[in-house]
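Coordinates from final.pdb are shown below (PDB, C-alpha atoms).
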MODEL        1
ATOM      1  CA  ILE A 106     116.840  85.961  72.773
ATOM      2  CA  GLY A 107     116.465  82.299  73.662
ATOM      3  CA  VAL A 108     112.995  81.794  72.138
ATOM      4  CA  ARG A 109     111.247  84.494  70.051
ATOM      5  CA  LEU A 110     107.734  83.851  68.783
ATOM      6  CA  VAL A 111     106.461  86.123  65.996
ATOM      7  CA  GLY A 112     103.165  85.337  64.229
ATOM      8  CA  SER A 113     103.423  82.665  61.547
ATOM      9  CA  GLU A 114     101.014  80.140  60.080
ATOM     10  CA  MET A 115     103.617  77.390  60.212
ATOM     11  CA  CYS A 116     104.720  77.001  63.803
ATOM     12  CA  ILE A 117     104.045  80.041  65.934
ATOM     13  CA  ARG A 118     100.284  80.288  66.304
ATOM     14  CA  ASP A 119      98.851  78.260  69.216
ATOM     15  CA  SER A 120     102.354  77.495  70.394
ATOM     16  CA  TYR A 121     103.491  75.557  73.463
ATOM     17  CA  ILE A 122     106.850  76.184  75.090
ATOM     18  CA  GLY A 123     107.934  73.558  77.608
ATOM     19  CA  ALA A 124     106.138  70.482  78.876
ATOM     20  CA  SER A 125     104.034  69.284  81.783
ATOM     21  CA  THR A 126     106.656  66.610  82.499
ATOM     22  CA  PRO A 127     110.146  66.767  84.059
ATOM     23  CA  ASN A 128     111.613  67.301  80.559
ATOM     24  CA  GLN A 129     112.046  71.027  81.007
ATOM     25  CA  ASN A 130     113.616  73.541  78.691
ATOM     26  CA  VAL A 131     116.514  75.485  80.165
ATOM     27  CA  ILE A 132     116.493  78.985  78.667
ATOM     28  CA  SER A 133     119.407  80.866  80.185
ATOM     29  CA  GLY A 134     122.432  82.976  79.337
ATOM     30  CA  ASN A 135     120.950  84.816  76.353
ATOM     31  CA  ILE A 136     121.997  88.392  75.567
ATOM     32  CA  ASN A 137     118.383  89.628  75.490
ATOM     33  CA  ASN A 138     115.171  88.036  76.800
ATOM     34  CA  GLY A 139     114.928  84.373  77.629
ATOM     35  CA  ILE A 140     111.514  84.084  75.947
ATOM     36  CA  GLN A 141     109.855  86.825  73.868
ATOM     37  CA  VAL A 142     106.315  86.283  72.596
ATOM     38  CA  TRP A 143     104.500  88.171  69.816
ATOM     39  CA  SER A 144     102.114  85.339  68.894
ATOM     40  CA  SER A 145      98.784  85.025  70.744
ATOM     41  CA  ASN A 146      97.312  81.853  72.257
ATOM     42  CA  THR A 147     100.674  80.617  73.490
ATOM     43  CA  SER A 148     101.323  78.545  76.629
ATOM     44  CA  ILE A 149     104.624  78.651  78.500
ATOM     45  CA  GLU A 150     104.930  75.854  81.031
ATOM     46  CA  GLY A 151     107.599  73.791  82.756
ATOM     47  CA  ASN A 152     110.645  75.911  81.860
ATOM     48  CA  ILE A 153     113.737  76.978  83.776
ATOM     49  CA  VAL A 154     114.541  80.560  82.782
ATOM     50  CA  GLY A 155     117.759  82.151  84.068
ATOM     51  CA  LEU A 156     119.245  79.205  85.957
ATOM     52  CA  SER A 157     121.211  76.036  85.265
ATOM     53  CA  PHE A 158     119.350  72.753  84.772
ATOM     54  CA  ASP A 159     119.892  71.777  88.428
ATOM     55  CA  GLN A 160     118.674  75.268  89.455
ATOM     56  CA  THR A 161     121.759  75.964  91.566
ATOM     57  CA  THR A 162     123.655  78.422  89.348
ATOM     58  CA  ALA A 163     122.494  81.790  88.018
ATOM     59  CA  ILE A 164     122.930  82.042  84.230
ATOM     60  CA  ALA A 165     121.096  85.294  83.602
ATOM     61  CA  ASN A 166     119.285  86.271  80.462
ATOM     62  CA  GLN A 167     120.441  89.851  80.000
ATOM     63  CA  SER A 168     116.977  91.395  79.746
ATOM     64  CA  HIS A 169     113.683  89.908  80.994
ATOM     65  CA  GLY A 170     113.162  86.261  81.707
ATOM     66  CA  ILE A 171     109.879  86.273  79.747
ATOM     67  CA  GLU A 172     108.538  89.234  77.747
ATOM     68  CA  ILE A 173     104.960  89.120  76.440
ATOM     69  CA  ASN A 174     103.854  91.518  73.689
ATOM     70  CA  THR A 175     100.516  90.010  72.672
ATOM     71  CA  ASP A 176      97.205  88.938  74.203
ATOM     72  CA  ASN A 177      95.856  85.701  75.677
ATOM     73  CA  ILE A 178      99.055  84.056  76.913
ATOM     74  CA  ILE A 179      99.224  81.443  79.678
ATOM     75  CA  ILE A 180     102.430  81.395  81.734
ATOM     76  CA  GLY A 181     102.488  78.369  84.055
ATOM     77  CA  GLY A 182      99.760  75.872  84.803
ATOM     78  CA  VAL A 183     100.145  72.173  85.568
ATOM     79  CA  THR A 184     103.944  72.380  85.855
ATOM     80  CA  GLU A 185     105.653  75.467  87.240
ATOM     81  CA  ASN A 186     108.070  77.734  85.461
ATOM     82  CA  ILE A 187     111.151  78.663  87.481
ATOM     83  CA  ILE A 188     112.143  82.219  86.534
ATOM     84  CA  ALA A 189     115.109  83.608  88.441
ATOM     85  CA  ALA A 190     118.356  85.576  88.254
ATOM     86  CA  ASN A 191     117.529  87.403  85.015
ATOM     87  CA  ALA A 192     118.908  90.934  84.592
ATOM     88  CA  GLY A 193     115.513  92.576  84.039
ATOM     89  CA  ASN A 194     112.057  91.565  85.221
ATOM     90  CA  GLY A 195     111.176  87.953  85.722
ATOM     91  CA  ILE A 196     108.003  88.374  83.631
ATOM     92  CA  TYR A 197     107.219  91.557  81.664
ATOM     93  CA  LEU A 198     103.730  92.062  80.230
ATOM     94  CA  ASN A 199     103.902  94.880  77.685
ATOM     95  CA  ASN A 200     100.456  96.446  77.107
ATOM     96  CA  VAL A 201      98.589  93.162  76.746
ATOM     97  CA  ILE A 202      95.115  91.826  77.563
ATOM     98  CA  GLY A 203      93.954  88.523  78.999
ATOM     99  CA  CYS A 204      97.189  86.914  80.172
ATOM    100  CA  ASP A 205      97.299  84.424  83.051
ATOM    101  CA  ILE A 206     100.326  83.842  85.301
ATOM    102  CA  ASP A 207      99.916  80.747  87.488
ATOM    103  CA  ARG A 208     102.208  78.361  89.378
ATOM    104  CA  CYS A 209     105.429  80.222  88.705
ATOM    105  CA  ILE A 210     108.377  80.323  91.078
ATOM    106  CA  ILE A 211     109.915  83.744  90.529
ATOM    107  CA  GLY A 212     113.155  84.920  92.147
ATOM    108  CA  THR A 213     114.171  81.590  93.645
ATOM    109  CA  ASN A 214     114.248  77.872  92.799
ATOM    110  CA  THR A 215     112.302  74.825  93.976
ATOM    111  CA  SER A 216     114.623  74.616  97.003
ATOM    112  CA  LEU A 217     113.727  78.258  97.867
ATOM    113  CA  ALA A 218     117.372  79.360  97.768
ATOM    114  CA  LEU A 219     118.260  82.964  98.510
ATOM    115  CA  GLY A 220     120.154  85.290  96.173
ATOM    116  CA  LEU A 221     118.387  84.370  92.917
ATOM    117  CA  GLY A 222     116.098  87.375  92.510
ATOM    118  CA  ASN A 223     115.626  88.953  89.119
ATOM    119  CA  GLY A 224     117.275  92.351  88.690
ATOM    120  CA  ALA A 225     114.037  94.359  88.459
ATOM    121  CA  SER A 226     110.552  93.227  89.559
ATOM    122  CA  GLY A 227     109.306  89.674  89.691
ATOM    123  CA  ILE A 228     106.323  90.568  87.491
ATOM    124  CA  HIS A 229     105.965  93.954  85.756
ATOM    125  CA  VAL A 230     102.635  94.742  84.099
ATOM    126  CA  ASN A 231     103.107  97.719  81.775
ATOM    127  CA  SER A 232      99.662  99.126  80.852
ATOM    128  CA  GLY A 233      97.177  96.657  79.389
ATOM    129  CA  SER A 234      94.111  95.249  81.139
ATOM    130  CA  ASP A 235      92.349  92.162  82.443
ATOM    131  CA  ASN A 236      95.422  90.128  83.319
ATOM    132  CA  ASP A 237      95.427  87.567  86.151
ATOM    133  CA  ILE A 238      98.270  86.782  88.562
ATOM    134  CA  GLY A 239      97.572  83.720  90.667
ATOM    135  CA  ILE A 240      93.843  82.861  90.795
ATOM    136  CA  THR A 241      93.968  79.141  89.902
ATOM    137  CA  TYR A 242      97.416  78.218  91.257
ATOM    138  CA  SER A 243      99.741  80.059  93.623
ATOM    139  CA  ASN A 244     102.814  81.935  92.479
ATOM    140  CA  ILE A 245     105.845  82.365  94.750
ATOM    141  CA  ILE A 246     107.428  85.771  94.122
ATOM    142  CA  VAL A 247     110.479  86.559  96.249
ATOM    143  CA  GLY A 248     113.948  88.071  96.255
ATOM    144  CA  HIS A 249     113.402  91.295  94.272
ATOM    145  CA  ASN A 250     115.029  93.677  96.708
ATOM    146  CA  ASN A 251     116.555  96.321  94.444
ATOM    147  CA  GLY A 252     115.348  99.877  95.025
ATOM    148  CA  GLY A 253     112.336 100.984  92.997
ATOM    149  CA  PHE A 254     111.142  97.467  92.247
ATOM    150  CA  ALA A 255     108.701  94.994  93.790
ATOM    151  CA  GLY A 256     107.466  91.450  93.716
ATOM    152  CA  ILE A 257     104.664  92.705  91.460
ATOM    153  CA  THR A 258     104.680  96.119  89.763
ATOM    154  CA  ILE A 259     101.477  97.329  88.103
ATOM    155  CA  ASP A 260     102.529 100.278  85.941
ATOM    156  CA  ALA A 261      99.451 102.092  84.566
ATOM    157  CA  GLY A 262      97.656  98.765  84.160
ATOM    158  CA  THR A 263      93.951  98.219  84.865
ATOM    159  CA  GLY A 264      91.819  95.235  85.751
ATOM    160  CA  VAL A 265      94.668  93.098  87.101
ATOM    161  CA  TRP A 266      93.509  90.419  89.544
ATOM    162  CA  MET A 267      96.151  89.323  92.073
ATOM    163  CA  GLN A 268      95.013  86.423  94.243
ATOM    164  CA  ASN A 269      96.491  83.331  95.873
ATOM    165  CA  ASN A 270     100.121  84.493  95.695
ATOM    166  CA  TYR A 271     103.000  84.257  98.169
ATOM    167  CA  ILE A 272     104.940  87.510  97.970
ATOM    168  CA  GLY A 273     108.031  87.930 100.135
ATOM    169  CA  LEU A 274     107.907  84.438 101.557
ATOM    170  CA  SER A 275     107.112  80.954 100.364
ATOM    171  CA  SER A 276     104.160  78.720 101.156
ATOM    172  CA  THR A 277     106.399  77.026 103.759
ATOM    173  CA  GLY A 278     107.256  80.326 105.451
ATOM    174  CA  VAL A 279     110.783  80.861 104.107
ATOM    175  CA  VAL A 280     111.360  84.648 104.044
ATOM    176  CA  ASN A 281     113.104  86.063 100.961
ATOM    177  CA  SER A 282     112.082  89.694 100.855
ATOM    178  CA  ASN A 283     111.179  91.920  97.955
ATOM    179  CA  ASN A 284     111.690  95.700  98.171
ATOM    180  CA  HIS A 285     107.905  96.226  98.063
ATOM    181  CA  GLY A 286     105.503  93.327  97.884
ATOM    182  CA  ILE A 287     103.151  94.928  95.346
ATOM    183  CA  GLN A 288     103.409  98.454  93.962
ATOM    184  CA  LEU A 289     100.835 100.285  91.831
ATOM    185  CA  ILE A 290     102.356 103.239  89.983
ATOM    186  CA  ASN A 291     101.664 105.746  87.196
ATOM    187  CA  ALA A 292      97.883 105.939  87.650
ATOM    188  CA  ALA A 293      97.284 102.196  87.760
ATOM    189  CA  SER A 294      93.586 101.813  88.546
ATOM    190  CA  SER A 295      90.742  99.350  89.059
ATOM    191  CA  ASN A 296      93.053  96.528  90.114
ATOM    192  CA  PHE A 297      92.183  93.835  92.652
ATOM    193  CA  ILE A 298      94.450  92.480  95.397
ATOM    194  CA  GLY A 299      92.971  89.488  97.209
ATOM    195  CA  ASP A 300      89.299  88.874  97.969
ATOM    196  CA  ILE A 301      86.972  88.418 100.925
ATOM    197  CA  LEU A 302      87.363  84.639 100.576
ATOM    198  CA  ALA A 303      90.334  83.084 102.392
ATOM    199  CA  LEU A 304      90.915  80.862  99.372
ATOM    200  CA  HIS A 305      91.766  83.944  97.317
ATOM    201  CA  ARG A 306      94.018  85.718  99.779
ATOM    202  CA  ASN A 307      97.587  86.720  99.048
ATOM    203  CA  VAL A 308     100.255  86.264 101.711
ATOM    204  CA  ILE A 309     102.385  89.426 101.532
ATOM    205  CA  SER A 310     104.977  89.322 104.306
ATOM    206  CA  GLY A 311     108.645  89.856 105.061
ATOM    207  CA  ASN A 312     109.230  92.532 102.433
ATOM    208  CA  SER A 313     111.811  95.252 103.107
ATOM    209  CA  ASN A 314     109.463  98.207 102.614
ATOM    210  CA  ALA A 315     105.724  98.338 101.880
ATOM    211  CA  GLY A 316     103.663  95.210 101.603
ATOM    212  CA  VAL A 317     101.409  97.092  99.189
ATOM    213  CA  LEU A 318     102.410 100.527  97.862
ATOM    214  CA  ILE A 319      99.709 102.577  96.130
TER
ENDMDL
END
Target encoding structure tokens, full file:
Amino acid sequence: IGVRLVGSEMCIRDSYIGASTPNQNVISGNINNGIQVWSSNTSIEGNIVGLSFDQTTAIANQSHGIEINTDNIIIGGVTENIIAANAGNGIYLNNVIGCDIDRCIIGTNTSLALGLGNGASGIHVNSGSDNDIGITYSNIIVGHNNGGFAGITIDAGTGVWMQNNYIGLSSTGVVNSNNHGIQLINAASSNFIGDILALHRNVISGNSNAGVLI
């Protein structure tokens, strides 16, 4: 594991990983997760996870890029995380509540290169509730084309809001397909994809199979 946060009075609570400046952490090539979080109220921003510093070479973490095991985590924000080429999911939320994923580039780099998808889904939400994907800032989620996976997988989760995301192509129209754009499996319920307002729409295009699989 590159970074593992487990509750501690000294340095783990209210933690910040990364920076809202070009001085990014590069968290790549670890034999488990790139980042694993067990401490609530943590922000993860401005990191490169799974690639070289110049974002051109895959240096996979051998499990998930980021694994979250506790509530109220912010992934992204002012400065994007680049999360690509990891062996498992790009981001894995494990039965958590109240996490926000914003302004992440998942499955590619800032140049929108092909062939950098994570090995499983871009984002996998395993159970839990009331998590947000997008909303404030757009995520780009592309390149997850292995069978059984998707740009976003909601696995038995509830109350997930998915808005303002580009899934299967970038905001500039570069196609880099996922297998499915979004898939809801194992009795996932009461989740929200898009909104009646154009500002909240997702763009789900260019995927190999279903745009949305329910």
Protein, DNA and RNA residues within 9 Å of (96.8, 82.0, 86.5), only C-alpha atoms, as a list in words
Ile179, Ile180, Gly181, Gly182, Cys204, Asp205, Ile206, Asp207, Arg208, Asn236, Asp237, Ile238, Gly239, Ile240, Thr241, Tyr242, Ser243 and Asn244 of chain A
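In terms of minimum interatomic distance to A:Phe158, A:Ile187 ranks closest within A:Ile290, A:Ile259, A:Ala218, A:Ile187, counting only C-alpha atoms.
Within 9 Å of the file-frame point (88.6, 92.6, 95.2), and using all atoms listed in the file, the polymer residues found are Trp266, Met267, Gln268, Asn296, Phe297, Ile298, Gly299, Asp300 and Ile301 of chain A.
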Interatomic distance (Å, one decimal) between atom CA of A:His229 and atom CA of A:Ala163
20.6 Å
Please expand the PyMOL selection byres ((chain A and resi 200) around 8) into the concrete residues it hits in this file, giving the result as a PyMOL selection string.
chain A and resi 174-175+198-199+201-202+230-234+262
Can you pull out every residue within 9 Å of A:Ser133, counting only C-alpha atoms, but drop anything in the same chain fewer than 6 positions away, and send it as a PyMOL selection string?
chain A and resi 107+139+153-157+163-166+170+191
For the selection you just gave me, I'd like the residues written to a file as an mmCIF file, in the frame of the given file, keeping C-alpha atoms.
data_model
loop_
_atom_site.group_PDB
_atom_site.id
_atom_site.type_symbol
_atom_site.label_atom_id
_atom_site.label_comp_id
_atom_site.auth_asym_id
_atom_site.auth_seq_id
_atom_site.Cartn_x
_atom_site.Cartn_y
_atom_site.Cartn_z
ATOM 1 C CA GLY A 107 116.465 82.299 73.662
ATOM 2 C CA GLY A 139 114.928 84.373 77.629
ATOM 3 C CA ILE A 153 113.737 76.978 83.776
ATOM 4 C CA VAL A 154 114.541 80.560 82.782
ATOM 5 C CA GLY A 155 117.759 82.151 84.068
ATOM 6 C CA LEU A 156 119.245 79.205 85.957
ATOM 7 C CA SER A 157 121.211 76.036 85.265
ATOM 8 C CA ALA A 163 122.494 81.790 88.018
ATOM 9 C CA ILE A 164 122.930 82.042 84.230
ATOM 10 C CA ALA A 165 121.096 85.294 83.602
ATOM 11 C CA ASN A 166 119.285 86.271 80.462
ATOM 12 C CA GLY A 170 113.162 86.261 81.707
ATOM 13 C CA ASN A 191 117.529 87.403 85.015
#
Could you expand the PyMOL selection byres ((chain A and resi 295) around 6) into the explicit residues it covers here, written as a PDB file with C-alpha atoms, keeping the file's coordinate frame?
ATOM      1  CA  THR A 263      93.951  98.219  84.865  1.00  0.00           C
ATOM      2  CA  GLY A 264      91.819  95.235  85.751  1.00  0.00           C
ATOM      3  CA  SER A 294      93.586 101.813  88.546  1.00  0.00           C
ATOM      4  CA  ASN A 296      93.053  96.528  90.114  1.00  0.00           C
TER       5      ASN A 296
END
Box along x, y and z, 5 Å on every side, all listed atoms of stretch 235-243 of chain A inside: centre and edge lengths in Å to one decimal, as AutoDock Vina command-line options.
--center_x 96.0 --center_y 85.2 --center_z 88.0 --size_x 17.4 --size_y 23.9 --size_z 21.2
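The environment of A:Leu289 within 8 Å, counting all atoms listed in the file and disregarding residues fewer than 2 places along the same chain, consists of Thr258, Ile259, Asp260, Ala261, Ile287, Asn291, Ala292, Ala293, Leu318 and Ile319 of chain A.
The gap separating atom CA of A:Glu172 from atom CA of A:Ile140 is 6.2 Å, in Å to one decimal.
Among the candidates A:Ile272, A:Gln160, A:Ile188, A:Ile196, the one nearest to A:Ile173 when counting only C-alpha atoms is A:Ile196.
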Shortest interatomic distance to A:Ala255 - which of A:Thr215, A:Ser282, A:Asn186, A:Gln141, counting only C-alpha atoms
A:Ser282
